[in-house]
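*Asks:* My file is data-v2.txt. It has compact mmCIF, C-alpha atoms:
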# COMPACT_ATOMS: atom_id res chain seq x y z
CA MET D 1 -25.15 9.38 24.92
CA SER D 2 -24.17 11.24 21.75
CA ARG D 3 -26.95 13.78 22.20
CA VAL D 4 -26.49 14.34 25.95
CA LEU D 5 -22.69 14.58 25.87
CA GLY D 6 -22.46 16.31 22.50
CA ILE D 7 -19.98 13.80 21.06
CA ASP D 8 -19.75 11.87 17.79
CA LYS D 9 -22.15 8.93 17.35
CA SER D 10 -19.32 6.62 16.34
CA LEU D 11 -17.42 7.43 19.55
CA SER D 12 -20.57 6.87 21.59
CA TRP D 13 -21.13 3.52 19.91
CA ARG D 14 -17.57 2.34 20.62
CA ILE D 15 -17.77 3.37 24.28
CA SER D 16 -21.11 1.60 24.75
CA ARG D 17 -19.87 -1.57 23.03
CA PHE D 18 -16.73 -1.60 25.17
CA THR D 19 -18.62 -1.22 28.45
CA ALA D 20 -21.16 -3.90 27.44
CA GLU D 21 -18.53 -6.64 27.01
CA ARG D 22 -17.92 -8.91 29.99
CA ASP D 23 -14.49 -9.99 28.72
CA PRO D 24 -12.02 -7.07 28.56
CA VAL D 25 -10.07 -8.76 25.73
CA ASP D 26 -13.25 -8.99 23.66
CA GLY D 27 -14.15 -5.43 24.62
CA SER D 28 -10.73 -4.05 23.70
CA GLN D 29 -11.54 -4.22 19.98
CA HIS D 30 -14.09 -1.45 20.56
CA LEU D 31 -11.99 0.74 22.87
CA PRO D 32 -11.44 4.18 21.26
CA GLY D 33 -7.95 5.54 20.73
CA PRO D 34 -6.30 8.05 23.10
CA SER D 35 -7.79 11.15 21.46
CA GLY D 36 -11.28 9.64 21.46
CA LEU D 37 -11.01 8.70 25.13
CA ARG D 38 -9.82 12.23 26.00
CA ILE D 39 -12.79 13.72 24.13
CA TYR D 40 -15.13 11.40 26.02
CA ALA D 41 -13.52 12.24 29.40
CA ALA D 42 -13.84 15.98 28.75
CA ALA D 43 -17.49 15.59 27.69
CA VAL D 44 -18.31 13.58 30.82
CA ARG D 45 -16.63 16.21 33.02
CA ASP D 46 -18.45 19.07 31.25
CA ALA D 47 -21.77 17.23 31.65
CA GLY D 48 -21.42 17.40 35.44
CA ALA D 49 -19.90 14.06 36.43
CA PRO D 50 -18.57 14.02 40.02
CA MET D 51 -14.99 15.28 40.14
CA GLY D 52 -13.76 12.02 41.69
CA VAL D 53 -15.23 10.00 38.79
CA ALA D 54 -13.72 12.37 36.21
CA ARG D 55 -10.27 12.10 37.82
CA ALA D 56 -10.54 8.29 38.00
CA LEU D 57 -11.39 8.19 34.28
CA ASP D 58 -8.39 10.38 33.40
CA ALA D 59 -6.12 8.17 35.52
CA ALA D 60 -7.48 5.01 33.86
CA ILE D 61 -6.80 6.42 30.39
CA ASP D 62 -3.23 7.25 31.46
CA ARG D 63 -2.74 3.68 32.75
CA VAL D 64 -3.97 2.15 29.48
CA GLU D 65 -1.49 4.25 27.50
CA ARG D 66 1.37 3.36 29.85
CA VAL D 67 0.60 -0.37 29.57
CA ALA D 68 0.37 -0.17 25.77
CA GLY D 69 3.64 1.76 25.54
CA ALA D 70 5.52 -0.52 27.93
CA HIS D 71 4.46 -3.83 26.37
CA ALA D 72 3.87 -3.04 22.69
CA GLY D 73 5.31 0.38 21.94
CA SER D 74 2.11 1.79 20.53
CA ARG D 75 -1.66 1.44 20.84
CA ALA D 76 -1.87 -0.09 17.35
CA ALA D 77 0.68 -2.78 18.22
CA PHE D 78 -1.05 -3.37 21.58
CA ARG D 79 -4.36 -3.88 19.80
CA ALA D 80 -2.73 -6.45 17.50
CA MET D 81 -1.28 -8.30 20.51
CA LEU D 82 -4.68 -8.44 22.20
CA ALA D 83 -6.11 -10.16 19.11
CA HIS D 84 -3.97 -13.18 20.03
CA CYS D 85 -4.70 -13.26 23.76
CA ARG D 86 -6.82 -16.40 23.54
CA ASP D 87 -6.27 -20.04 22.64
CA ALA D 88 -7.93 -19.84 19.21
CA VAL D 89 -7.95 -16.77 17.03
CA GLY D 90 -11.23 -16.98 15.15
CA ASP D 91 -13.34 -15.02 12.76
CA ASP D 92 -14.33 -12.43 15.37
CA GLU D 93 -14.78 -8.83 14.32
CA ARG D 94 -11.23 -7.83 15.23
CA THR D 95 -9.52 -10.64 13.30
CA LEU D 96 -11.69 -10.07 10.24
CA GLU D 97 -10.98 -6.35 10.42
CA PHE D 98 -7.23 -7.02 10.34
CA ARG D 99 -7.68 -9.41 7.42
CA ARG D 100 -9.87 -6.98 5.49
CA SER D 101 -7.31 -4.22 6.02
CA ALA D 102 -4.53 -6.54 4.84
CA PHE D 103 -6.54 -7.39 1.72
CA VAL D 104 -6.93 -3.70 0.83
CA ALA D 105 -3.25 -2.96 1.49
CA ASN D 106 -1.97 -6.02 -0.40
CA SER D 107 -4.20 -5.24 -3.39
CA ALA D 108 -2.73 -1.77 -3.61
CA LEU D 109 0.88 -2.85 -3.03
CA TRP D 110 0.95 -5.94 -5.26
CA GLY D 111 -1.33 -4.46 -7.88
CA ILE D 112 -3.73 -7.39 -8.23
CA GLU D 113 -6.82 -8.77 -6.48
CA ALA D 114 -9.55 -11.37 -6.94
CA ARG D 115 -13.11 -11.66 -5.79
CA ALA D 116 -12.77 -15.43 -5.25
CA ARG D 117 -10.12 -18.17 -5.30
CA LEU D 118 -11.72 -21.60 -5.78
CA LEU D 119 -10.50 -25.20 -5.71
CA VAL D 120 -12.97 -27.99 -6.53
CA ALA D 121 -12.00 -31.65 -6.15
CA VAL D 122 -14.13 -34.60 -7.25
CA VAL D 123 -12.76 -37.88 -5.87
CA VAL D 124 -13.73 -41.40 -7.03
CA PRO D 125 -12.19 -44.88 -6.59
CA ALA D 126 -9.76 -46.04 -9.29
CA ALA D 127 -9.43 -49.60 -10.58
CA ASP D 128 -6.04 -50.22 -8.93
CA GLY D 129 -7.15 -49.21 -5.45
CA ARG D 130 -5.91 -45.67 -5.79
CA LEU D 131 -8.08 -42.62 -6.47
CA GLY D 132 -9.37 -40.95 -9.59
CA MET D 133 -9.76 -37.21 -9.34
CA VAL D 134 -10.92 -34.13 -11.18
CA LEU D 135 -9.41 -30.84 -9.99
CA ALA D 136 -10.70 -27.43 -11.03
CA SER D 137 -8.81 -24.42 -9.73
CA GLY D 138 -9.45 -20.83 -10.61
CA PHE D 139 -9.83 -17.13 -10.00
CA PHE D 140 -13.04 -15.17 -10.36
CA GLY D 141 -13.23 -11.39 -10.63
CA LEU D 142 -9.47 -11.17 -11.03
CA ARG D 143 -8.26 -7.68 -11.90
CA ARG D 144 -4.96 -5.89 -12.25
CA MET D 145 -4.56 -2.70 -10.25
CA ARG D 146 -1.43 -1.42 -12.04
CA PRO D 147 -0.18 -1.58 -15.63
CA GLY D 148 2.52 -3.89 -16.95
CA LEU D 149 1.76 -6.60 -14.39
CA ALA D 150 2.31 -10.30 -15.16
CA TRP D 151 1.26 -12.82 -12.51
CA PRO D 152 1.49 -16.64 -12.13
CA LEU D 153 -2.02 -18.12 -11.97
CA ALA D 154 -1.41 -21.86 -12.07
CA ARG D 155 1.31 -24.29 -11.10
CA ARG D 156 1.20 -27.98 -11.84
CA ARG D 157 2.67 -29.71 -8.78
CA VAL D 158 1.55 -33.20 -7.72
CA ARG D 159 3.39 -34.55 -4.70
CA ASP D 160 3.63 -37.91 -2.98
CA PRO D 161 3.03 -38.30 0.79
CA ARG D 162 6.67 -37.41 1.46
CA GLY D 163 6.43 -34.17 -0.51
CA GLY D 164 8.29 -35.39 -3.60
CA LEU D 165 7.12 -34.52 -7.10
CA HIS D 166 5.95 -37.28 -9.42
CA ASP D 167 4.34 -37.68 -12.83
CA SER D 168 0.60 -37.26 -12.33
CA GLY D 169 -0.63 -38.34 -15.75
CA ALA D 170 -2.90 -35.29 -15.75
CA ARG D 171 -5.12 -34.59 -18.77
CA PRO D 172 -6.99 -31.34 -19.46
CA LEU D 173 -10.68 -31.69 -18.65
CA ASP D 174 -11.46 -29.58 -21.71
CA GLU D 175 -10.65 -31.89 -24.64
CA SER D 176 -10.19 -28.93 -26.98
CA VAL D 177 -7.07 -27.86 -25.06
CA GLY D 178 -3.73 -28.99 -26.46
CA PRO D 179 -1.38 -31.17 -24.36
CA HIS D 180 1.19 -28.38 -24.00
CA ASP D 181 -1.28 -25.54 -23.43
CA ALA D 182 -2.56 -24.21 -20.13
CA PRO D 183 -5.35 -26.63 -19.06
CA ILE D 184 -8.07 -23.97 -18.98
CA LEU D 185 -11.75 -24.80 -18.93
CA ARG D 186 -12.84 -22.55 -21.79
CA GLU D 187 -16.52 -22.37 -20.87
CA PHE D 188 -15.72 -20.73 -17.54
CA THR D 189 -12.64 -18.74 -18.62
CA SER D 190 -12.88 -15.27 -20.12
CA ILE D 191 -9.32 -15.16 -21.54
CA GLY D 192 -7.53 -17.21 -24.18
CA GLN D 193 -4.27 -19.14 -24.36
CA ARG D 194 -2.41 -16.12 -25.77
CA GLU D 195 -2.97 -14.31 -22.48
CA LEU D 196 -1.37 -17.14 -20.48
CA HIS D 197 2.40 -17.50 -20.84
CA PRO D 198 4.14 -20.76 -19.82
CA ALA D 199 7.20 -20.41 -17.58
CA GLU D 200 9.29 -23.53 -17.06
CA GLY D 201 10.87 -23.97 -13.64
CA PRO D 202 13.03 -26.63 -11.98
CA ASP D 203 10.00 -28.52 -10.67
CA GLY D 204 7.25 -27.85 -13.19
CA THR D 205 5.40 -25.32 -15.30
CA ASP D 206 3.81 -22.04 -14.28
CA TRP D 207 1.23 -20.22 -16.40
CA GLU D 208 1.39 -16.46 -16.05
CA LEU D 209 -1.31 -13.93 -16.77
CA ALA D 210 0.08 -11.50 -19.33
CA PRO D 211 -0.09 -7.72 -18.74
CA GLY D 212 -3.42 -6.20 -19.78
CA GLU D 213 -6.10 -3.68 -18.97
CA VAL D 214 -6.21 -2.23 -15.49
CA GLY D 215 -9.29 -2.03 -13.27
CA LEU D 216 -12.80 -3.28 -13.90
CA ALA D 217 -12.39 -3.15 -17.68
CA GLY D 218 -9.70 -5.84 -17.43
CA THR D 219 -11.52 -8.15 -14.99
CA VAL D 220 -11.11 -11.83 -15.90
CA ASP D 221 -12.28 -15.26 -14.76
CA CYS D 222 -9.79 -18.07 -15.26
CA VAL D 223 -10.39 -21.75 -14.44
CA PHE D 224 -7.90 -24.59 -14.89
CA ALA D 225 -9.26 -28.15 -14.80
CA GLU D 226 -7.52 -31.51 -15.11
CA ARG D 227 -8.39 -35.17 -14.72
CA PHE D 228 -6.20 -37.74 -12.95
CA ASP D 229 -7.11 -41.37 -13.63
CA ALA D 230 -5.08 -42.86 -10.77
CA ILE D 231 -3.36 -40.80 -8.12
CA GLY D 232 -2.21 -41.15 -4.54
CA ASP D 233 -0.82 -43.97 -2.41
CA ARG D 234 -3.01 -47.07 -1.97
CA ALA D 235 -1.65 -47.54 1.55
CA ARG D 236 -2.51 -43.98 2.53
CA GLY D 237 -6.08 -43.43 3.70
CA ALA D 238 -6.15 -39.65 3.26
CA THR D 239 -5.85 -37.14 0.45
CA GLU D 240 -4.73 -33.58 1.08
CA LEU D 241 -6.00 -30.81 -1.17
CA MET D 242 -4.00 -27.61 -1.18
CA VAL D 243 -4.51 -24.20 -2.71
CA ARG D 244 -1.72 -21.66 -2.58
CA LEU D 245 -2.95 -18.20 -1.68
CA ASP D 246 -0.63 -15.60 -3.18
CA VAL D 247 -3.20 -13.26 -4.74
CA PRO D 248 -5.19 -10.95 -2.43
CA CYS D 249 -8.75 -12.29 -2.53
CA GLU D 250 -12.02 -11.56 -0.82
CA VAL D 251 -12.77 -15.24 -0.29
CA ALA D 252 -10.91 -18.54 -0.69
CA VAL D 253 -12.96 -21.73 -1.05
CA ILE D 254 -12.08 -25.42 -1.18
CA GLU D 255 -14.86 -27.83 -2.13
CA VAL D 256 -14.41 -31.58 -2.12
CA PHE D 257 -16.89 -34.18 -3.34
CA VAL D 258 -16.05 -37.78 -2.41
CA ASP D 259 -17.82 -40.78 -3.94
CA ARG D 260 -20.14 -42.28 -1.32
CA SER D 261 -18.53 -45.70 -1.77
CA ILE D 262 -15.27 -44.40 -0.28
CA ALA D 263 -16.51 -41.48 1.82
CA PRO D 264 -15.79 -41.89 5.56
CA ALA D 265 -18.06 -40.79 8.36
CA GLY D 266 -15.64 -38.16 9.68
CA GLU D 267 -15.22 -34.55 8.58
CA PRO D 268 -12.32 -33.20 6.49
CA VAL D 269 -9.57 -31.47 8.47
CA PRO D 270 -8.60 -27.91 7.43
CA ALA D 271 -5.32 -26.11 8.05
CA LEU D 272 -3.57 -22.90 7.06
CA HIS D 273 0.22 -22.58 6.76
CA GLY D 274 2.17 -19.39 6.20
CA LEU D 275 4.63 -19.14 3.31
CA LEU D 276 6.06 -15.75 4.19
CA THR D 277 9.50 -17.20 4.92
CA GLY D 278 9.46 -19.51 1.88
CA GLY D 279 8.44 -23.08 1.22
CA SER D 280 6.06 -24.71 -1.23
CA GLY D 281 3.34 -25.71 1.21
CA ALA D 282 4.37 -29.38 0.89
CA ILE D 283 4.09 -31.63 3.94
CA GLY D 284 7.08 -31.39 6.25
CA PRO D 285 8.52 -29.90 9.47
CA GLN D 286 8.98 -26.45 7.91
CA ARG D 287 5.30 -26.25 7.07
CA GLU D 288 4.17 -27.29 10.53
CA ARG D 289 6.34 -24.61 12.12
CA ALA D 290 4.47 -22.05 10.01
CA ARG D 291 0.95 -23.20 10.92
CA LEU D 292 -1.44 -20.26 11.31
CA PRO D 293 -4.60 -20.00 13.42
CA LEU D 294 -7.73 -21.10 11.55
CA SER D 295 -11.14 -21.27 13.18
CA GLU D 296 -13.15 -21.85 9.99
CA ARG D 297 -14.52 -25.37 9.58
CA PRO D 298 -15.88 -27.20 6.53
CA LEU D 299 -19.63 -27.33 5.98
CA ARG D 300 -21.50 -30.40 4.74
CA LEU D 301 -23.18 -29.67 1.39
CA ASP D 302 -26.60 -30.67 0.14
CA PRO D 303 -26.46 -33.10 -2.84
CA ASP D 304 -28.71 -30.62 -4.66
CA LEU D 305 -25.95 -28.36 -5.96
CA ALA D 306 -28.34 -25.51 -6.67
CA ALA D 307 -29.09 -25.43 -2.92
CA ASN D 308 -25.43 -24.54 -2.18
CA PRO D 309 -25.00 -21.11 -3.80
CA LEU D 310 -21.58 -19.48 -3.85
CA ALA D 311 -22.35 -15.87 -4.69
CA GLU D 312 -18.76 -14.95 -5.53
CA VAL D 313 -18.52 -17.60 -8.30
CA PRO D 314 -20.84 -17.22 -11.31
CA ARG D 315 -22.35 -20.48 -12.62
CA HIS D 316 -20.77 -22.29 -9.70
CA TRP D 317 -23.10 -25.29 -9.71
CA GLU D 318 -22.58 -25.74 -13.46
CA LEU D 319 -18.82 -25.88 -12.97
CA VAL D 320 -19.11 -28.50 -10.23
CA ASN D 321 -21.64 -30.50 -12.24
CA ASP D 322 -19.29 -30.57 -15.25
CA CYS D 323 -16.50 -31.95 -13.04
CA MET D 324 -18.82 -34.71 -11.82
CA ARG D 325 -19.98 -35.59 -15.32
CA ALA D 326 -16.33 -36.07 -16.31
CA VAL D 327 -16.24 -39.15 -14.04
CA ASP D 328 -19.76 -40.29 -15.04
CA ARG D 329 -21.37 -39.42 -11.74
CA SER D 330 -24.36 -37.35 -10.66
CA PRO D 331 -24.38 -35.08 -7.59
CA ASP D 332 -26.28 -37.58 -5.42
CA ALA D 333 -23.32 -40.01 -5.77
CA PHE D 334 -21.11 -37.76 -3.61
CA VAL D 335 -20.63 -36.49 -0.08
CA GLY D 336 -19.63 -32.84 -0.35
CA HIS D 337 -17.89 -30.37 1.96
CA ARG D 338 -16.99 -26.71 1.58
CA LEU D 339 -14.37 -24.66 3.43
CA VAL D 340 -14.70 -20.87 3.18
CA VAL D 341 -12.06 -18.41 4.43
CA ARG D 342 -12.73 -14.70 3.97
CA HIS D 343 -9.85 -12.32 3.29
CA PRO D 344 -7.20 -15.02 3.88
CA MET D 345 -3.64 -14.07 4.67
CA ILE D 346 -1.07 -14.19 1.86
CA PRO D 347 1.20 -15.85 1.06
CA SER D 348 -0.16 -19.03 2.60
CA ALA D 349 -1.28 -22.57 1.81
CA LEU D 350 -4.86 -23.55 2.64
CA THR D 351 -5.32 -27.31 2.94
CA LEU D 352 -8.17 -29.73 3.45
CA SER D 353 -7.32 -33.33 4.35
CA VAL D 354 -9.96 -35.89 3.38
CA SER D 355 -9.97 -39.49 4.55
CA THR D 356 -11.01 -42.14 2.03
CA GLU D 357 -11.92 -45.81 2.47
CA THR D 358 -10.47 -47.55 -0.56
Could you take the file, read its structure, and then write that structure out as structure tokens?
*Replies:*
Amino acid sequence: MSRVLGIDKSLSWRISRFTAERDPVDGSQHLPGPSGLRIYAAAVRDAGAPMGVARALDAAIDRVERVAGAHAGSRAAFRAMLAHCRDAVGDDERTLEFRRSAFVANSALWGIEARARLLVAVVVPAADGRLGMVLASGFFGLRRMRPGLAWPLARRRVRDPRGGLHDSGARPLDESVGPHDAPILREFTSIGQRELHPAEGPDGTDWELAPGEVGLAGTVDCVFAERFDAIGDRARGATELMVRLDVPCEVAVIEVFVDRSIAPAGEPVPALHGLLTGGSGAIGPQRERARLPLSERPLRLDPDLAANPLAEVPRHWELVNDCMRAVDRSPDAFVGHRLVVRHPMIPSALTLSVSTET
């Protein structure tokens, strides 16, 4: 088509993809813009198409533009509306394209980005019928895009089933870390305590990344890890893991490993909630009103950790293995699941609810 009509290969590809789709909503993601369609119509006419066909094509292009203008105001807004013209917005090409574009824009505007945002939870039974847990949360390939930027990397917030804060009894997994220092896991963290500033708030402590080098030269990995000997409500048969997403990242991952003695047969339940209008991500009516579409589902992991590579996280299996050793378990003692969301929206709260049989 490009050679015969004398038009750009990219335009030819978009036209062919559009005409090949059976569903016009699916096909609309490939439909060229007004100028591209006019170029195509002129090329078809110059190539000798029947005059009636050429006129019909011109009329169809006019109708598309009228519909877009009447219902959305512009073609760009119309394209965004079409992305939601189905029951479930998934990880199709159009949705991922919007999310990738948002990642690039947010990185430039906020001045920070990360290759990966990771939360690892290792869950075991506790002596009193509650749960013991190791949580490791971190950023990999984190870099500042503008000078003078400080950014909160960790917040210690442990909530009860009603969303209230309570004393968690958390202890740093790294025993060399002081009780009032940021609970970093030194082996997997490329910065020191002096680069993390505590900021006390009304409901806990934040640790902020201090200003530093910009770009690749200032890239850091930072992992926080804590152990909870007994956490949760004995009468509650589910544990919700949540990671706040307020740094533009290429991929967000939640991994949960539940001791086989309390692991149920069902799969964990994922959800994504927007925080654009405020909120902490805690359970409640406000959060449910801000629920966002999420088609990604957790994957069951092989007990052989080396068989579950996560390319964005260096030494990933070593990190998980260290968390398991902290509760005197080996990988084959757990049932593991992984939820991966690429270019997630920010600010939002990504959750994974895991049932347990205590």
*Asks:* Any idea what's packed within 8 Å of D:Ala170, counting all atoms listed in the file, ignoring anything in its chain fewer than 5 positions away? Could you give it as a ChimeraX atom specification?
*Replies:* /D:226-229
*Asks:* Restricting the calculation to all atoms listed in the file, which member of D:Arg144, D:Glu200, D:Val25, D:Gln193 is positioned closest to D:Gly178?
*Replies:*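 Result for the nearest residue to D:Gly178: D:Gln193.
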*Asks:* Any idea what's packed within 8 Å of stretch 309-321 of chain D, counting only C-alpha atoms, ignoring anything in its chain fewer than 5 positions away? Could you give it as a VMD selection string?
*Replies:* chain D and resid 115 to 116 120 140 188 251 330 to 331
*Asks:* Restricting the calculation to only C-alpha atoms: of D:Val123, D:Leu118, D:Leu185, D:Met133, which residue gets closest to D:Val340?
*Replies:*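 Nearest to D:Val340: D:Leu118.
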*Asks:* Neighbouring residues of D:Leu57 were defined as those with any atom within 12 Å, considering all atoms listed in the file; residues of the same chain fewer than 2 positions away were excluded. Please report them as a list in words.
*Replies:*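 Near neighbours after the sequence-gap exclusion: Leu37, Arg38, Ile39, Tyr40, Ala41, Ala42, Ala43, Val44, Arg45, Ala49, Pro50, Met51, Gly52, Val53, Ala54, Arg55, Ala59, Ala60, Ile61, Asp62, Arg63 and Val64 of chain D.
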*Asks:* Please, what distance in Å, to one decimal, runs between atom CA of D:Arg171 and atom CA of D:Gly129?
*Replies:*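 Taking atom CA of D:Arg171 as the start and atom CA of D:Gly129 as the end point, the length is 19.9 Å.
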*Asks:* D:Glu255: which residues within 7 Å, counting only C-alpha atoms, same-chain residues fewer than 3 positions away excluded, as a ChimeraX atom specification?
*Replies:* /D:119-121,337-339
*Asks:* Work out how far atom CA of D:Asp259 is from atom CA of D:Ile283, in Å to one decimal.
*Replies:*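 Rounded to one decimal, the two atoms are 25.0 Å apart.
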